[in-house]
>>> print(open('upload.txt').read())   # compact mmCIF, C-alpha atoms
# COMPACT_ATOMS: atom_id res chain seq x y z
CA MET P 12 163.06 -56.29 126.86
CA MET P 13 160.35 -53.93 125.59
CA CYS P 14 159.74 -52.89 121.99
CA ASP P 15 158.98 -49.35 120.82
CA VAL P 16 155.22 -49.66 121.48
CA GLY P 17 155.76 -50.86 125.05
CA LEU P 18 154.93 -54.52 124.43
CA PRO P 19 157.11 -57.44 125.49
CA CYS P 20 159.63 -58.36 122.82
CA ASP P 21 161.39 -61.74 122.55
CA TYR P 22 164.04 -60.50 120.13
CA ASN P 23 167.54 -61.58 121.20
CA PRO P 24 170.37 -60.19 119.03
CA SER P 25 172.84 -62.84 120.21
CA SER P 26 170.60 -65.61 118.91
CA CYS P 27 170.71 -64.35 115.32
CA PRO P 28 172.58 -66.64 112.98
CA LYS P 29 176.05 -65.36 112.19
CA PRO P 30 176.96 -64.88 108.55
CA PRO P 31 179.20 -67.62 107.20
CA PRO P 32 182.89 -66.75 107.38
CA ALA P 33 184.37 -65.38 104.20
CA PRO P 34 186.44 -67.99 102.39
CA GLU P 35 190.18 -67.52 102.63
CA ARG P 36 191.88 -66.08 99.60
CA LYS P 37 194.12 -68.59 97.94
CA PHE P 38 197.78 -67.61 97.88
CA THR P 39 199.39 -68.43 94.54
CA THR P 40 202.52 -67.61 92.57
CA LEU P 41 200.34 -65.49 90.27
CA LEU P 42 199.64 -63.14 93.18
CA LEU P 43 203.37 -62.81 93.83
CA HIS P 44 203.89 -61.94 90.16
CA CYS P 45 201.23 -59.22 90.43
CA TRP P 46 202.69 -57.82 93.65
CA GLN P 47 206.20 -57.69 92.20
CA ARG P 48 204.97 -55.44 89.42
CA GLU P 49 204.06 -52.86 92.07
CA TYR P 50 207.56 -52.43 93.52
CA ASP P 51 209.85 -53.58 90.71
CA LYS P 52 210.41 -52.67 87.08
CA ARG P 53 210.96 -54.80 84.03
CA PRO P 54 212.89 -57.01 83.82
CA TYR P 55 211.74 -58.16 87.27
CA LYS P 56 214.88 -59.03 89.24
CA ASN P 57 214.16 -57.85 92.78
CA PHE P 58 211.84 -59.94 94.95
CA GLN P 59 210.54 -58.94 98.36
CA PHE P 60 208.08 -60.52 100.76
CA ARG P 61 206.88 -58.84 103.95
CA ARG P 62 204.70 -60.84 106.29
CA LEU P 63 202.82 -57.77 107.54
CA ASP P 64 201.98 -56.68 104.00
CA PHE P 65 200.90 -60.22 103.18
CA GLU P 66 198.51 -60.47 106.14
CA GLU P 67 197.04 -57.05 105.39
CA ARG P 68 196.44 -57.92 101.74
CA MET P 69 195.15 -61.44 102.34
CA ASN P 70 193.19 -60.55 105.49
CA ARG P 71 194.44 -63.66 107.26
CA LYS P 72 197.43 -64.97 109.16
CA TYR P 73 200.49 -66.26 107.38
CA HIS P 74 200.72 -70.07 107.29
CA CYS P 75 204.30 -71.16 107.91
CA LEU P 76 204.04 -74.33 105.81
CA ARG P 77 201.55 -73.82 103.02
CA ASP P 78 202.45 -70.20 102.21
CA PHE P 79 206.17 -70.83 102.50
CA ARG P 80 205.93 -73.49 99.79
CA VAL P 81 204.30 -70.96 97.46
CA ILE P 82 207.18 -68.51 98.02
CA VAL P 83 209.75 -71.23 97.34
CA ARG P 84 207.90 -72.32 94.20
CA TYR P 85 207.86 -68.74 92.93
CA LEU P 86 211.60 -68.26 93.53
CA THR P 87 212.30 -71.57 91.82
CA GLU P 88 210.39 -70.45 88.73
CA CYS P 89 212.25 -67.11 88.55
CA HIS P 90 215.81 -67.92 87.60
CA LYS P 91 217.25 -64.43 87.11
CA MET P 92 216.68 -62.74 90.45
CA HIS P 93 219.29 -60.16 91.45
CA SER P 94 218.05 -59.57 95.02
CA VAL P 95 215.71 -61.41 97.40
CA SER P 96 214.34 -59.84 100.57
CA ILE P 97 212.13 -61.88 102.93
CA SER P 98 210.94 -60.52 106.26
CA SER P 99 209.26 -61.82 109.43
CA ILE P 100 208.51 -65.43 108.56
CA VAL P 101 209.26 -68.67 110.37
CA ILE P 102 210.84 -71.60 108.54
CA SER P 103 210.06 -74.93 110.14
CA ASN P 104 212.79 -77.54 110.42
CA CYS P 105 210.18 -80.07 109.25
CA GLU P 106 210.20 -78.45 105.80
CA THR P 107 213.49 -80.01 104.76
CA ARG P 108 212.51 -80.34 101.12
CA SER P 109 211.28 -76.75 100.85
CA MET P 110 214.43 -75.48 102.56
CA ARG P 111 216.58 -77.41 100.11
CA GLU P 112 214.63 -75.91 97.20
CA LEU P 113 214.96 -72.42 98.69
CA VAL P 114 218.73 -72.76 99.05
CA ARG P 115 218.91 -74.00 95.47
CA ALA P 116 216.75 -71.08 94.27
CA LEU P 117 219.07 -68.58 95.96
CA ARG P 118 222.13 -69.97 94.20
CA ASN P 119 222.47 -67.15 91.66
CA VAL P 120 221.09 -64.29 93.78
CA MET P 121 223.59 -61.50 94.47
CA GLN P 122 221.84 -59.80 97.40
CA ILE P 123 220.02 -61.83 100.06
CA GLU P 124 218.14 -60.31 103.00
CA LEU P 125 216.51 -62.59 105.57
CA LYS P 126 215.22 -60.04 108.08
CA LEU P 127 213.46 -60.75 111.37
CA MET P 128 213.30 -64.43 110.47
CA LYS P 129 213.37 -67.58 112.53
CA LEU P 130 215.74 -69.94 110.76
CA PRO P 131 216.46 -73.52 111.88
CA PHE P 132 220.01 -74.83 112.20
CA GLU P 133 219.42 -77.08 109.18
CA PHE P 134 219.10 -74.00 106.96
CA PHE P 135 222.62 -72.85 107.89
CA VAL P 136 223.94 -76.35 107.25
CA MET P 137 222.47 -76.24 103.75
CA MET P 138 223.94 -72.78 103.26
CA ARG P 139 227.37 -74.10 104.14
CA LEU P 140 227.05 -77.06 101.79
CA SER P 141 226.05 -74.71 98.95
CA ALA P 142 228.65 -72.04 99.70
CA SER P 143 230.85 -73.02 96.75
CA VAL P 144 228.02 -72.49 94.23
CA TRP P 145 226.31 -69.49 95.83
CA LYS P 146 227.07 -66.18 94.10
CA VAL P 147 225.86 -63.97 96.93
CA THR P 148 227.83 -60.76 97.53
CA GLU P 149 225.63 -59.18 100.23
CA LEU P 150 224.09 -61.27 103.02
CA SER P 151 221.87 -59.59 105.63
CA LEU P 152 220.42 -61.44 108.63
CA GLU P 153 219.29 -58.32 110.48
CA GLY P 154 217.03 -59.06 113.42
CA THR P 155 217.26 -62.84 112.94
CA PRO P 156 218.27 -64.54 116.24
CA LEU P 157 221.38 -66.68 115.91
CA SER P 158 222.27 -69.45 118.33
CA ASP P 159 225.82 -70.62 119.01
CA LEU P 160 225.34 -73.48 116.55
CA ASP P 161 224.02 -71.08 113.90
CA VAL P 162 226.99 -68.77 114.41
CA GLY P 163 229.43 -71.65 114.13
CA MET P 164 227.92 -72.80 110.83
CA LEU P 165 227.80 -69.20 109.57
CA ARG P 166 231.52 -68.97 110.27
CA GLU P 167 232.08 -72.05 108.12
CA PHE P 168 230.06 -70.42 105.36
CA LEU P 169 232.25 -67.30 105.52
CA LEU P 170 235.36 -69.41 105.16
CA ALA P 171 233.96 -71.34 102.19
CA SER P 172 232.34 -68.47 100.27
CA GLU P 173 234.35 -67.00 97.42
CA THR P 174 232.01 -64.12 96.53
CA LEU P 175 230.63 -62.66 99.79
CA LEU P 176 231.63 -59.00 100.26
CA SER P 177 229.21 -57.74 102.92
CA LEU P 178 227.76 -59.36 106.06
CA ASN P 179 225.02 -57.83 108.22
CA VAL P 180 224.36 -59.51 111.58
CA ASN P 181 222.82 -56.43 113.19
CA HIS P 182 220.51 -57.16 116.17
CA CYS P 183 221.00 -60.92 115.82
CA SER P 184 221.38 -61.59 119.56
CA LEU P 185 225.14 -61.94 119.19
CA THR P 186 226.99 -62.07 122.49
CA GLN P 187 230.55 -61.22 123.42
CA TYR P 188 231.26 -64.94 123.23
CA ASN P 189 229.93 -66.03 119.84
CA PHE P 190 230.87 -62.71 118.20
CA CYS P 191 234.42 -64.03 118.30
CA MET P 192 233.40 -66.80 115.87
CA ILE P 193 231.88 -64.27 113.47
CA ALA P 194 235.00 -62.13 113.73
CA ASP P 195 237.20 -65.16 113.10
CA GLY P 196 235.22 -66.01 109.99
CA VAL P 197 235.50 -62.45 108.69
CA TYR P 198 239.20 -62.35 109.61
CA LYS P 199 239.97 -65.53 107.66
CA SER P 200 237.61 -64.77 104.79
CA LYS P 201 239.25 -63.90 101.49
CA THR P 202 236.47 -61.62 100.30
CA VAL P 203 234.45 -60.02 103.14
CA ARG P 204 235.10 -56.27 103.32
CA CYS P 205 231.95 -54.88 105.03
CA LEU P 206 230.67 -55.90 108.46
CA ASN P 207 227.65 -54.73 110.46
CA ALA P 208 227.58 -56.30 113.94
CA SER P 209 225.59 -53.74 115.91
CA ARG P 210 223.95 -54.42 119.26
CA LEU P 211 226.28 -56.90 120.91
CA LEU P 212 225.04 -58.42 124.16
CA GLY P 213 226.99 -59.15 127.31
CA LEU P 214 224.71 -62.10 128.12
CA HIS P 215 225.03 -62.80 131.88
CA LEU P 216 227.98 -60.41 132.36
CA SER P 217 228.71 -56.84 131.41
CA LEU P 218 229.96 -56.45 127.86
CA ASP P 219 233.76 -56.60 127.81
CA THR P 220 234.29 -53.71 125.38
CA GLU P 221 238.07 -53.86 125.78
CA LYS P 222 238.06 -57.39 124.38
CA MET P 223 235.65 -56.41 121.59
CA VAL P 224 237.81 -53.46 120.56
CA SER P 225 240.90 -55.69 120.47
CA ILE P 226 239.09 -58.05 118.09
CA ILE P 227 237.87 -55.16 115.94
CA GLY P 228 241.37 -53.74 115.77
CA SER P 229 242.68 -57.03 114.40
CA LEU P 230 239.96 -57.02 111.76
CA LEU P 231 240.79 -53.48 110.69
CA MET P 232 244.50 -54.12 110.35
CA GLN P 233 244.66 -57.69 109.09
CA ASN P 234 241.42 -58.31 107.20
CA GLY P 235 241.30 -55.03 105.28
CA LEU P 236 237.73 -54.06 106.19
CA VAL P 237 236.39 -51.14 104.16
CA GLU P 238 233.12 -50.58 106.09
CA LEU P 239 232.44 -51.27 109.77
CA THR P 240 229.21 -50.62 111.71
CA MET P 241 229.13 -51.17 115.47
CA GLN P 242 226.13 -49.33 116.91
CA GLN P 243 224.82 -49.85 120.47
CA CYS P 244 227.88 -51.76 121.64
CA GLU P 245 228.55 -49.71 124.80
CA PHE P 246 231.93 -48.47 123.54
CA SER P 247 233.47 -45.82 125.79
CA ALA P 248 236.07 -43.08 125.36
CA GLN P 249 238.87 -45.43 126.33
CA ASP P 250 237.86 -47.80 123.53
CA MET P 251 238.04 -44.98 121.01
CA GLU P 252 241.70 -44.51 121.84
CA VAL P 253 242.40 -47.98 120.44
CA ILE P 254 240.09 -47.66 117.43
CA GLY P 255 241.48 -44.21 116.68
CA GLU P 256 245.00 -45.63 116.38
CA TYR P 257 243.85 -48.12 113.75
CA VAL P 258 241.82 -45.50 111.87
CA GLY P 259 244.81 -43.16 111.74
CA SER P 260 247.23 -45.85 110.61
CA LYS P 261 248.53 -45.63 107.05
CA GLN P 262 247.93 -49.36 106.71
CA SER P 263 244.19 -49.05 107.38
CA VAL P 264 241.89 -49.14 104.34
CA LEU P 265 238.70 -48.35 106.31
CA ARG P 266 236.47 -45.88 104.45
CA LYS P 267 233.25 -45.98 106.46
CA LEU P 268 232.94 -46.15 110.27
CA ASN P 269 229.59 -46.10 112.07
CA LEU P 270 229.76 -45.91 115.88
CA ALA P 271 226.37 -44.32 116.56
CA SER P 272 224.54 -44.86 119.86
CA ASN P 273 227.55 -45.63 122.03
CA VAL P 274 229.00 -43.60 124.93
CA ILE P 275 232.28 -42.25 123.58
CA ALA P 276 231.73 -38.75 125.09
CA SER P 277 234.08 -35.84 124.43
CA ASP P 278 237.32 -37.70 125.13
CA GLY P 279 236.41 -40.43 122.66
CA THR P 280 235.72 -37.74 120.06
CA LEU P 281 239.19 -36.31 120.67
CA TYR P 282 240.85 -39.69 120.13
CA LEU P 283 238.92 -40.28 116.92
CA MET P 284 239.28 -36.83 115.35
CA ARG P 285 242.94 -36.44 116.28
CA ASN P 286 243.84 -39.71 114.58
CA LEU P 287 241.44 -39.09 111.73
CA ALA P 288 243.32 -35.90 110.91
CA HIS P 289 246.37 -38.07 110.15
CA GLY P 290 244.43 -40.81 108.38
CA VAL P 291 244.39 -41.19 104.63
CA ARG P 292 241.28 -43.30 103.94
CA LEU P 293 238.19 -42.60 106.06
CA GLU P 294 235.40 -40.85 104.14
CA HIS P 295 232.33 -41.54 106.29
CA LEU P 296 232.02 -41.14 110.08
CA ASP P 297 228.83 -41.52 112.13
CA ILE P 298 229.07 -40.74 115.85
CA SER P 299 225.45 -39.72 116.44
CA CYS P 300 223.84 -40.21 119.85
CA ASN P 301 227.13 -40.43 121.75
CA SER P 302 226.72 -37.61 124.28
CA ILE P 303 229.89 -35.88 123.10
CA GLY P 304 228.63 -32.51 124.35
CA THR P 305 229.95 -29.04 123.61
CA HIS P 306 233.51 -29.99 124.45
CA GLY P 307 233.40 -32.85 121.94
CA GLY P 308 231.97 -30.47 119.34
CA GLU P 309 234.94 -28.18 119.87
CA TRP P 310 237.30 -31.07 119.16
CA ILE P 311 235.43 -31.75 115.93
CA ALA P 312 235.74 -28.10 114.91
CA LYS P 313 239.46 -28.12 115.66
CA TYR P 314 240.34 -31.18 113.57
CA LEU P 315 237.63 -31.14 110.87
CA SER P 316 239.59 -28.99 108.43
CA SER P 317 242.53 -31.41 108.68
CA CYS P 318 240.38 -34.43 107.72
CA ARG P 319 240.90 -33.94 104.04
CA LEU P 320 239.09 -37.03 102.78
CA LEU P 321 236.14 -36.95 105.19
CA GLN P 322 232.99 -36.38 103.12
CA HIS P 323 230.15 -37.60 105.38
CA LEU P 324 229.90 -36.61 109.04
CA TYR P 325 226.92 -37.45 111.27
CA ILE P 326 226.83 -35.92 114.77
CA ASN P 327 223.06 -35.80 115.43
CA TYR P 328 221.63 -35.74 118.97
CA ASN P 329 224.88 -35.20 120.81
CA GLU P 330 223.91 -32.31 123.11
CA ILE P 331 226.42 -30.03 121.38
CA GLY P 332 226.06 -26.39 122.36
CA ALA P 333 225.36 -23.64 119.84
CA GLU P 334 228.85 -22.15 120.20
CA ALA P 335 230.50 -25.43 119.19
CA ILE P 336 228.07 -25.93 116.29
CA ASN P 337 228.96 -22.43 115.06
CA LEU P 338 232.65 -23.32 115.12
CA ILE P 339 231.99 -26.48 113.10
CA LEU P 340 230.03 -24.54 110.47
CA LEU P 341 232.73 -21.88 110.24
CA THR P 342 235.30 -24.49 109.22
CA LEU P 343 233.42 -25.10 105.96
CA LYS P 344 235.13 -23.23 103.14
CA LYS P 345 234.78 -23.12 99.38
CA PRO P 346 235.30 -25.49 97.64
CA CYS P 347 233.62 -27.64 100.29
CA LYS P 348 234.59 -31.30 100.27
CA MET P 349 231.79 -32.22 102.67
CA LYS P 350 228.99 -34.02 100.83
CA ARG P 351 226.83 -34.60 103.91
CA LEU P 352 226.84 -32.94 107.33
CA SER P 353 224.11 -33.94 109.80
CA ILE P 354 223.87 -31.79 112.93
CA TYR P 355 220.15 -31.80 113.76
CA GLY P 356 219.29 -32.66 117.37
CA ASN P 357 221.88 -30.31 118.90
CA ARG P 358 221.51 -26.73 120.14
CA PHE P 359 221.35 -23.70 117.86
CA ASP P 360 221.01 -19.94 118.29
CA ALA P 361 220.44 -16.90 116.07
CA ARG P 362 224.12 -16.80 115.10
CA THR P 363 223.90 -20.40 113.93
CA ALA P 364 221.04 -19.41 111.62
CA MET P 365 223.03 -16.46 110.25
CA ILE P 366 226.10 -18.59 109.56
CA LEU P 367 223.93 -21.23 107.94
CA ARG P 368 222.21 -18.60 105.82
CA ARG P 369 225.52 -17.30 104.54
CA LEU P 370 226.80 -20.79 103.75
CA LEU P 371 223.65 -21.78 101.85
CA ASP P 372 223.16 -18.52 99.99
CA SER P 373 226.78 -18.49 98.82
CA GLU P 374 226.49 -22.20 97.91
CA VAL P 375 229.44 -23.17 100.06
CA VAL P 376 227.06 -25.87 101.30
CA LEU P 377 224.14 -27.16 99.25
CA HIS P 378 220.76 -27.95 100.76
CA GLU P 379 221.15 -31.64 99.97
CA GLY P 380 224.45 -31.63 101.85
CA ILE P 381 223.10 -30.63 105.27
CA ASP P 382 220.06 -31.64 107.31
CA VAL P 383 219.13 -28.17 108.64
CA SER P 384 218.11 -24.88 107.07
CA TYR P 385 217.06 -21.40 108.20
CA THR P 386 213.84 -19.40 108.26
CA PHE P 387 212.80 -15.95 109.43
CA ASP P 388 210.69 -16.02 112.59
CA GLU P 389 208.39 -12.98 112.84
CA ASP P 390 207.80 -13.53 116.55
CA LEU P 391 211.55 -13.46 117.25
CA ASN P 392 212.19 -10.91 114.51
CA ASP P 393 215.26 -12.93 113.63
CA TYR P 394 216.41 -16.03 111.78
CA ARG P 395 216.29 -19.46 113.39
CA VAL P 396 217.37 -23.00 112.44
CA VAL P 397 214.79 -25.51 111.20
CA PRO P 398 215.18 -29.15 110.10
CA TRP P 399 215.61 -29.83 106.40
CA ARG P 400 214.47 -33.25 105.17
>>> encode(input="upload.txt", output="structure tokens")
Amino acid sequence: MMCDVGLPCDYNPSSCPKPPPAPERKFTTLLLHCWQREYDKRPYKNFQFRRLDFEERMNRKYHCLRDFRVIVRYLTECHKMHSVSISSIVISNCETRSMRELVRALRNVMQIELKLMKLPFEFFVMMRLSASVWKVTELSLEGTPLSDLDVGMLREFLLASETLLSLNVNHCSLTQYNFCMIADGVYKSKTVRCLNASRLLGLHLSLDTEKMVSIIGSLLMQNGLVELTMQQCEFSAQDMEVIGEYVGSKQSVLRKLNLASNVIASDGTLYLMRNLAHGVRLEHLDISCNSIGTHGGEWIAKYLSSCRLLQHLYINYNEIGAEAINLILLTLKKPCKMKRLSIYGNRFDARTAMILRRLLDSEVVLHEGIDVSYTFDEDLNDYRVVPWR
């Protein structure tokens, strides 16, 4: 290596002493108190912990033992929490004492969210043993993998709980085999009225949707479910014929049905809308991303005016042609009962923009009630549809 004056230089950058590593910031309950003031208001009753936010703030990796004890200690000190949301942490089965303290700290919490977690079987056993004293009404395990043993113990918890109203096991690696245990727990539960079991897996075989629909039908008729979410479950048009019969039954109390990201197509839309026109309860229907096409959109337009209680309809990204979208919009009359209509992701034309302009300007539909709007395009010299967020 030569220096600037052309003389030999012995300088070696790699041999320079490295600066000492910065000491790790100590994680304490005081920090959690300070962070809670950023997202909550007095009196502080809503706790949340996100692992990604923690690592960004602390500039280090999360420690599954030491940091978990701090979280448990904080929850133990705060006795009046209304909701607790913890995301993306691993609970070791070696931390039996901390798990026991966590379960005890959650005793009076109404809303519990354990998202993208890794929970040992012992945690579910402790949940079951504390079911009689837990006051939880909403339990969400979204994204937390559940084994067959976990599902079995969760079923026992559902049977023992006297307060649980809503269960979310969305993307929990449930299969067509252990879903039956969850369904049995919900079926026999005295209180559960809302279920989210999206993304069922077929495991080593194709998902038997006929069997799943039969189970869901029993839940709708016998359990009295008010809300049901079954996204990404590979339901087909034939399955909608069965679900449609339960939705249209006078005995059904279902008010919200979310079947987004399935493959019900146009025939499935016909079965749903035709029965929905005779139903007396359903207020919210989400069939987005179902490839219902223009023909399915025409079925919606035909039966929409007969669905007298339907207030929220989501049909985004369904490849519906502009002519069918126009027919759907033309069914909206004053006074409009529709509180939310989502149609973005389909096809529109200039006539769609003109119909939309008339509906919005006359206040038949309010801007907050629809996810699209209109604008004048100087290049086209005409109105066109634009998204409204």
>>> atom_distance(input="upload.txt", atom1="atom CA of Glu153 of chain P", atom2="atom CA of Thr87 of chain P")
23.9 Å
>>> closest_residue(input="upload.txt", among="P:Arg358, P:Lys267, P:Arg351, P:Lys146", to="Glu334 of chain P", atoms="only C-alpha atoms")
P:Arg358
>>> residues_around(input="upload.txt", residues="Gln262 of chain P", least_positions_apart="4", cutoff="10 Å", atoms="only C-alpha atoms", output="list in words")
Leu231, Met232, Gln233, Gly235, Tyr257, Val258, Gly290, Val291 and Arg292 of chain P
>>> residues_around(input="upload.txt", residues="segment 47-63 of chain P", least_positions_apart="4", cutoff="10 Å", atoms="all atoms listed in the file", output="compact mmCIF listing (two decimals) with C-alpha atoms, in the coordinates of the input")
# COMPACT_ATOMS: atom_id res chain seq x y z
CA LEU P 41 200.34 -65.49 90.27
CA LEU P 42 199.64 -63.14 93.18
CA LEU P 43 203.37 -62.81 93.83
CA GLU P 67 197.04 -57.05 105.39
CA ARG P 68 196.44 -57.92 101.74
CA MET P 69 195.15 -61.44 102.34
CA LYS P 72 197.43 -64.97 109.16
CA TYR P 73 200.49 -66.26 107.38
CA ILE P 82 207.18 -68.51 98.02
CA TYR P 85 207.86 -68.74 92.93
CA LEU P 86 211.60 -68.26 93.53
CA CYS P 89 212.25 -67.11 88.55
CA HIS P 90 215.81 -67.92 87.60
CA LYS P 91 217.25 -64.43 87.11
CA MET P 92 216.68 -62.74 90.45
CA HIS P 93 219.29 -60.16 91.45
CA SER P 94 218.05 -59.57 95.02
CA VAL P 95 215.71 -61.41 97.40
CA SER P 96 214.34 -59.84 100.57
CA ILE P 97 212.13 -61.88 102.93
CA SER P 98 210.94 -60.52 106.26
CA SER P 99 209.26 -61.82 109.43
CA ILE P 100 208.51 -65.43 108.56
CA VAL P 101 209.26 -68.67 110.37
CA VAL P 120 221.09 -64.29 93.78
CA GLN P 122 221.84 -59.80 97.40
CA ILE P 123 220.02 -61.83 100.06
CA GLU P 124 218.14 -60.31 103.00
CA LEU P 125 216.51 -62.59 105.57
CA LYS P 126 215.22 -60.04 108.08
>>> closest_residue(input="upload.txt", among="P:Val114, P:Ser247, P:Pro346, P:Asp360", to="Val375 of chain P", atoms="all atoms listed in the file")
P:Pro346
>>> atom_distance(input="upload.txt", atom1="atom CA of Thr202 of chain P", atom2="atom CA of Thr148 of chain P")
9.1 Å
>>> atom_distance(input="upload.txt", atom1="atom CA of Leu287 of chain P", atom2="atom CA of Gly255 of chain P")
7.1 Å
>>> closest_residue(input="upload.txt", among="P:Phe190, P:Phe79, P:Phe38, P:Tyr328", to="Leu218 of chain P", atoms="only C-alpha atoms")
P:Phe190
>>> axis_aligned_box(input="upload.txt", around="segment 253-262 of chain P", padding_each_side="3 Å", output="JSON")
{"center_x": 244.3, "center_y": -46.3, "center_z": 113.6, "size_x": 14.4, "size_y": 12.2, "size_z": 19.7}
>>> closest_residue(input="upload.txt", among="P:Asp250, P:Glu221, P:Glu35, P:Asp161", to="Val136 of chain P", atoms="all atoms listed in the file")
P:Asp161
